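Have a look at the structure below, then the notes.
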Amino acid sequence: MVNAKQVIFAAIVAAGAIFAFFMFFQGDEAKIKKKFHALAEQAEKDGNEHDLIAAKKAHLIEQMFFGTVRIEIPSHEINRSFPRTNISPHVLYARARYQKISLEFHDFQFEFPAEKKATVTLTGVLDAVTGSGERIREIHEMVSTLEKIDGEWRITGVSGVDVLEK
Amino acid sequence: MLPDLNRKSLIRMIVVGICAFVIFSYILIPFRITGFSMEPTYSDGSFNFTVTPYYWIFPMERFDVVTVRFSGTRVMLLKRIVAFAGETVAFENGYLVINGQKTAEPYISARQPWNLAPRTVKEGHVYVVGDNRNVPMKTHDFGQTPIHRITGAPLW
């Protein structure tokens, strides 16, 4: 006979062990997911923000990238490569166009084609309100390449996937 | 006071938990509609389930409403199939034209004058469009998508 209290106690211990495992022994997949969630967090905006805060967020986003970054989004006719140091001004400009920004990443699929290299397919959901009050909701499937530099995963490229082709 | 649990009820709880997980993760995937792309058939904020085995049993038919996946099933599009591989699709003044024939769409309540030159649906693809044509064409997501991206049909 098993007592309900014993079951609850065992469940709490198991949950704690799982939590500790994920906190202290994160695998590469969890680290990459965390990177994208951090990117989404830095991209978020809710109303006016101070220029210094905007600059700090742009800088933090820039730090998540590495080397020459390739961005390809066919639906927006974007296809270019630029050095990581150019990301910050682009982020500042893009974020300044919106009053509100909410960005989420879902459905991660991982591949590790070589040591310290990863390719991640994911879905990005952008919900934003422009300066003129227009609401924008965009969903994109993306393929992102990453490299592990000094123990940290950095993004080296992002390309959009056309799910619907007019 | 908590009830005492015997081995039988524990097993029952575990089985129910596993069944619920499998059913609602892979067979009847719950989703909430965000946006107005399928108005008036499906409203913003309404709730539904994707029945993933639907097309294991039934063939895809024109005007079926389907869910289209991105990199997974957490975020999907809800659209209506209007054409199959090899068929040509066009819009003329807001009217759907399939293989050169203007096609009646009783589920459309209002339309803007969409114009899209004819294009042929590729092999292994279907052409999907939302029911809300009362928006500018450039703001509406539609087009051909590989059949493997169709995850199922809404439950209602």
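Labeling convention for the structure tokens: chains A, B, ... as they appear, residues from 1 per chain, ligands from 1 in order of appearance.
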Extract, using only C-alpha atoms, all DNA, RNA and protein residues at most 9 Å from A:Ala40, discarding same-chain residues fewer than 6 positions from it, and format them as a ChimeraX atom specification. /A:102-105
Those same residues, written as a compact mmCIF listing (two decimals), in the first residue's frame with all heavy atoms?
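Just written: selection00.txt:
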```
# COMPACT_ATOMS: atom_id res chain seq x y z
N SER A 102 7.07 41.92 -29.37
CA SER A 102 7.12 40.66 -28.63
C SER A 102 7.63 39.60 -29.60
O SER A 102 7.13 39.47 -30.71
CB SER A 102 5.72 40.32 -28.13
OG SER A 102 5.65 38.96 -27.83
N LEU A 103 8.66 38.89 -29.19
CA LEU A 103 9.25 37.88 -30.07
C LEU A 103 9.32 36.56 -29.31
O LEU A 103 9.73 36.53 -28.14
CB LEU A 103 10.66 38.35 -30.48
CG LEU A 103 11.46 37.46 -31.42
CD1 LEU A 103 10.78 37.31 -32.78
CD2 LEU A 103 12.86 38.04 -31.63
N GLU A 104 8.90 35.51 -29.97
CA GLU A 104 8.95 34.18 -29.34
C GLU A 104 9.54 33.18 -30.32
O GLU A 104 9.34 33.31 -31.53
CB GLU A 104 7.54 33.70 -28.97
CG GLU A 104 6.92 34.46 -27.83
CD GLU A 104 5.49 34.02 -27.58
OE1 GLU A 104 5.02 33.07 -28.25
OE2 GLU A 104 4.84 34.63 -26.72
N PHE A 105 10.24 32.20 -29.79
CA PHE A 105 10.77 31.12 -30.63
C PHE A 105 10.22 29.78 -30.14
O PHE A 105 10.17 29.54 -28.93
CB PHE A 105 12.30 31.10 -30.58
CG PHE A 105 12.93 32.33 -31.17
CD1 PHE A 105 13.55 33.28 -30.37
CD2 PHE A 105 12.92 32.54 -32.54
CE1 PHE A 105 14.12 34.41 -30.92
CE2 PHE A 105 13.49 33.67 -33.10
CZ PHE A 105 14.09 34.61 -32.28
```
Write out as a PyMOL selection string the residues lying within 12 Å of stretch 98-107 of chain B, counting only C-alpha atoms and excluding same-chain residues fewer than 4 positions away. chain B and resi 38-42+62-65+80-94+111+116-121+127+129-133
Any idea what the distance is between atom CA of A:Ala54 and atom CA of A:Ser75?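 Atom CA of A:Ser75 lies 27.1 Å from atom CA of A:Ala54.
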Mind checking which residues fall within 10 Å of B:Asp141, counting only C-alpha atoms, ignoring those fewer than 2 positions away in the same chain, and posting them as a list of chain:residue names?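 My list of contacting residues is A:Glu138, A:Ile139, A:Val163, A:Leu164, A:Glu165, A:Lys166, B:Ser37, B:Leu77, B:Lys79, B:Val128, B:Val129, B:Gly130, B:Met137, B:Lys138, B:Thr139, B:Gly143.
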Spatial neighbours of A:Phe112, 12 Å, only C-alpha atoms, chain gap at least 3 places, as a VMD selection string: chain A and resid 28 to 29 32 109 115 to 121 144 to 148
Mind dumping the selected residues with all heavy atoms as a CSV table (one decimal), in the first residue's frame?
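Once written, again_38.csv looks like this:
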```csv
chain,number,residue,atom,x,y,z
A,28,ASP,N,23.9,21.0,-25.0
A,28,ASP,CA,24.0,22.0,-26.0
A,28,ASP,C,22.6,22.5,-26.5
A,28,ASP,O,22.4,23.7,-26.8
A,28,ASP,CB,24.9,21.5,-27.2
A,28,ASP,CG,26.3,21.5,-26.8
A,28,ASP,OD1,26.8,22.4,-26.1
A,28,ASP,OD2,27.1,20.6,-27.3
A,29,GLU,N,21.7,21.5,-26.6
A,29,GLU,CA,20.4,21.9,-27.1
A,29,GLU,C,19.7,22.9,-26.2
A,29,GLU,O,19.2,23.9,-26.6
A,29,GLU,CB,19.5,20.7,-27.3
A,29,GLU,CG,20.0,19.8,-28.4
A,29,GLU,CD,19.0,18.6,-28.7
A,29,GLU,OE1,18.0,18.5,-28.0
A,29,GLU,OE2,19.3,17.8,-29.6
A,32,ILE,N,21.4,26.3,-26.5
A,32,ILE,CA,21.0,27.1,-27.7
A,32,ILE,C,19.6,27.6,-27.6
A,32,ILE,O,19.4,28.8,-27.9
A,32,ILE,CB,21.1,26.1,-29.0
A,32,ILE,CG1,22.6,25.8,-29.2
A,32,ILE,CG2,20.5,26.8,-30.2
A,32,ILE,CD1,22.8,24.7,-30.3
A,109,GLN,N,14.4,22.4,-33.7
A,109,GLN,CA,14.9,21.1,-34.2
A,109,GLN,C,16.4,21.2,-34.4
A,109,GLN,O,16.9,22.2,-35.0
A,109,GLN,CB,14.3,20.7,-35.5
A,109,GLN,CG,12.8,20.3,-35.3
A,109,GLN,CD,12.2,20.1,-36.6
A,109,GLN,OE1,12.8,19.8,-37.6
A,109,GLN,NE2,10.8,20.2,-36.7
A,115,GLU,N,31.7,19.1,-34.9
A,115,GLU,CA,32.0,19.5,-33.5
A,115,GLU,C,31.9,21.0,-33.4
A,115,GLU,O,32.5,21.8,-34.3
A,115,GLU,CB,33.3,19.0,-33.1
A,115,GLU,CG,33.5,18.9,-31.6
A,115,GLU,CD,34.9,18.6,-31.2
A,115,GLU,OE1,35.7,18.1,-32.0
A,115,GLU,OE2,35.2,18.7,-30.0
A,116,LYS,N,31.2,21.5,-32.4
A,116,LYS,CA,31.1,23.0,-32.2
A,116,LYS,C,30.3,23.7,-33.3
A,116,LYS,O,30.5,24.9,-33.4
A,116,LYS,CB,32.5,23.6,-31.9
A,116,LYS,CG,33.2,23.0,-30.7
A,116,LYS,CD,34.4,23.8,-30.4
A,116,LYS,CE,35.0,23.2,-29.1
A,116,LYS,NZ,36.3,23.9,-28.7
A,117,LYS,N,29.6,23.0,-34.0
A,117,LYS,CA,28.7,23.6,-35.0
A,117,LYS,C,27.3,23.1,-34.9
A,117,LYS,O,27.1,21.9,-34.6
A,117,LYS,CB,29.2,23.4,-36.4
A,117,LYS,CG,30.4,24.2,-36.8
A,117,LYS,CD,30.8,24.0,-38.3
A,117,LYS,CE,32.1,24.6,-38.6
A,117,LYS,NZ,32.1,26.1,-38.5
A,118,ALA,N,26.3,23.9,-35.0
A,118,ALA,CA,24.9,23.5,-34.9
A,118,ALA,C,24.1,24.2,-36.0
A,118,ALA,O,24.3,25.3,-36.4
A,118,ALA,CB,24.4,23.8,-33.5
A,119,THR,N,23.1,23.4,-36.4
A,119,THR,CA,22.0,24.0,-37.3
A,119,THR,C,20.7,23.8,-36.6
A,119,THR,O,20.4,22.7,-36.2
A,119,THR,CB,22.0,23.3,-38.7
A,119,THR,OG1,23.3,23.4,-39.2
A,119,THR,CG2,21.1,23.9,-39.6
A,120,VAL,N,20.0,24.9,-36.4
A,120,VAL,CA,18.7,24.8,-35.7
A,120,VAL,C,17.6,25.3,-36.6
A,120,VAL,O,17.7,26.4,-37.2
A,120,VAL,CB,18.8,25.7,-34.4
A,120,VAL,CG1,17.5,25.5,-33.6
A,120,VAL,CG2,20.0,25.4,-33.6
A,121,THR,N,16.6,24.5,-36.7
A,121,THR,CA,15.3,25.0,-37.4
A,121,THR,C,14.3,25.3,-36.3
A,121,THR,O,14.1,24.6,-35.4
A,121,THR,CB,14.8,23.8,-38.3
A,121,THR,OG1,15.9,23.4,-39.1
A,121,THR,CG2,13.6,24.3,-39.1
A,144,SER,N,18.9,28.5,-38.5
A,144,SER,CA,20.0,29.3,-38.0
A,144,SER,C,21.2,28.4,-37.8
A,144,SER,O,21.1,27.3,-37.4
A,144,SER,CB,19.6,29.9,-36.7
A,144,SER,OG,20.6,30.7,-36.2
A,145,THR,N,22.4,29.0,-38.2
A,145,THR,CA,23.6,28.2,-37.9
A,145,THR,C,24.3,28.9,-36.7
A,145,THR,O,24.3,30.1,-36.6
A,145,THR,CB,24.5,28.3,-39.2
A,145,THR,OG1,24.7,29.6,-39.6
A,145,THR,CG2,24.0,27.5,-40.3
A,146,LEU,N,24.9,28.0,-35.9
A,146,LEU,CA,25.6,28.5,-34.7
A,146,LEU,C,27.0,27.9,-34.6
A,146,LEU,O,27.2,26.8,-35.1
A,146,LEU,CB,24.8,28.2,-33.5
A,146,LEU,CG,23.5,28.9,-33.4
A,146,LEU,CD1,22.4,27.9,-33.7
A,146,LEU,CD2,23.2,29.4,-32.0
A,147,GLU,N,27.9,28.6,-34.0
A,147,GLU,CA,29.2,28.0,-33.6
A,147,GLU,C,29.5,28.2,-32.2
A,147,GLU,O,29.1,29.2,-31.6
A,147,GLU,CB,30.3,28.7,-34.4
A,147,GLU,CG,30.4,28.3,-35.9
A,147,GLU,CD,31.6,28.9,-36.6
A,147,GLU,OE1,32.7,29.1,-36.0
A,147,GLU,OE2,31.4,29.2,-37.8
A,148,LYS,N,30.2,27.2,-31.6
A,148,LYS,CA,30.5,27.3,-30.2
A,148,LYS,C,31.9,27.9,-30.0
A,148,LYS,O,32.9,27.4,-30.5
A,148,LYS,CB,30.5,25.9,-29.6
A,148,LYS,CG,30.3,25.9,-28.1
A,148,LYS,CD,30.2,24.5,-27.6
A,148,LYS,CE,29.7,24.4,-26.1
A,148,LYS,NZ,29.6,23.0,-25.7
```
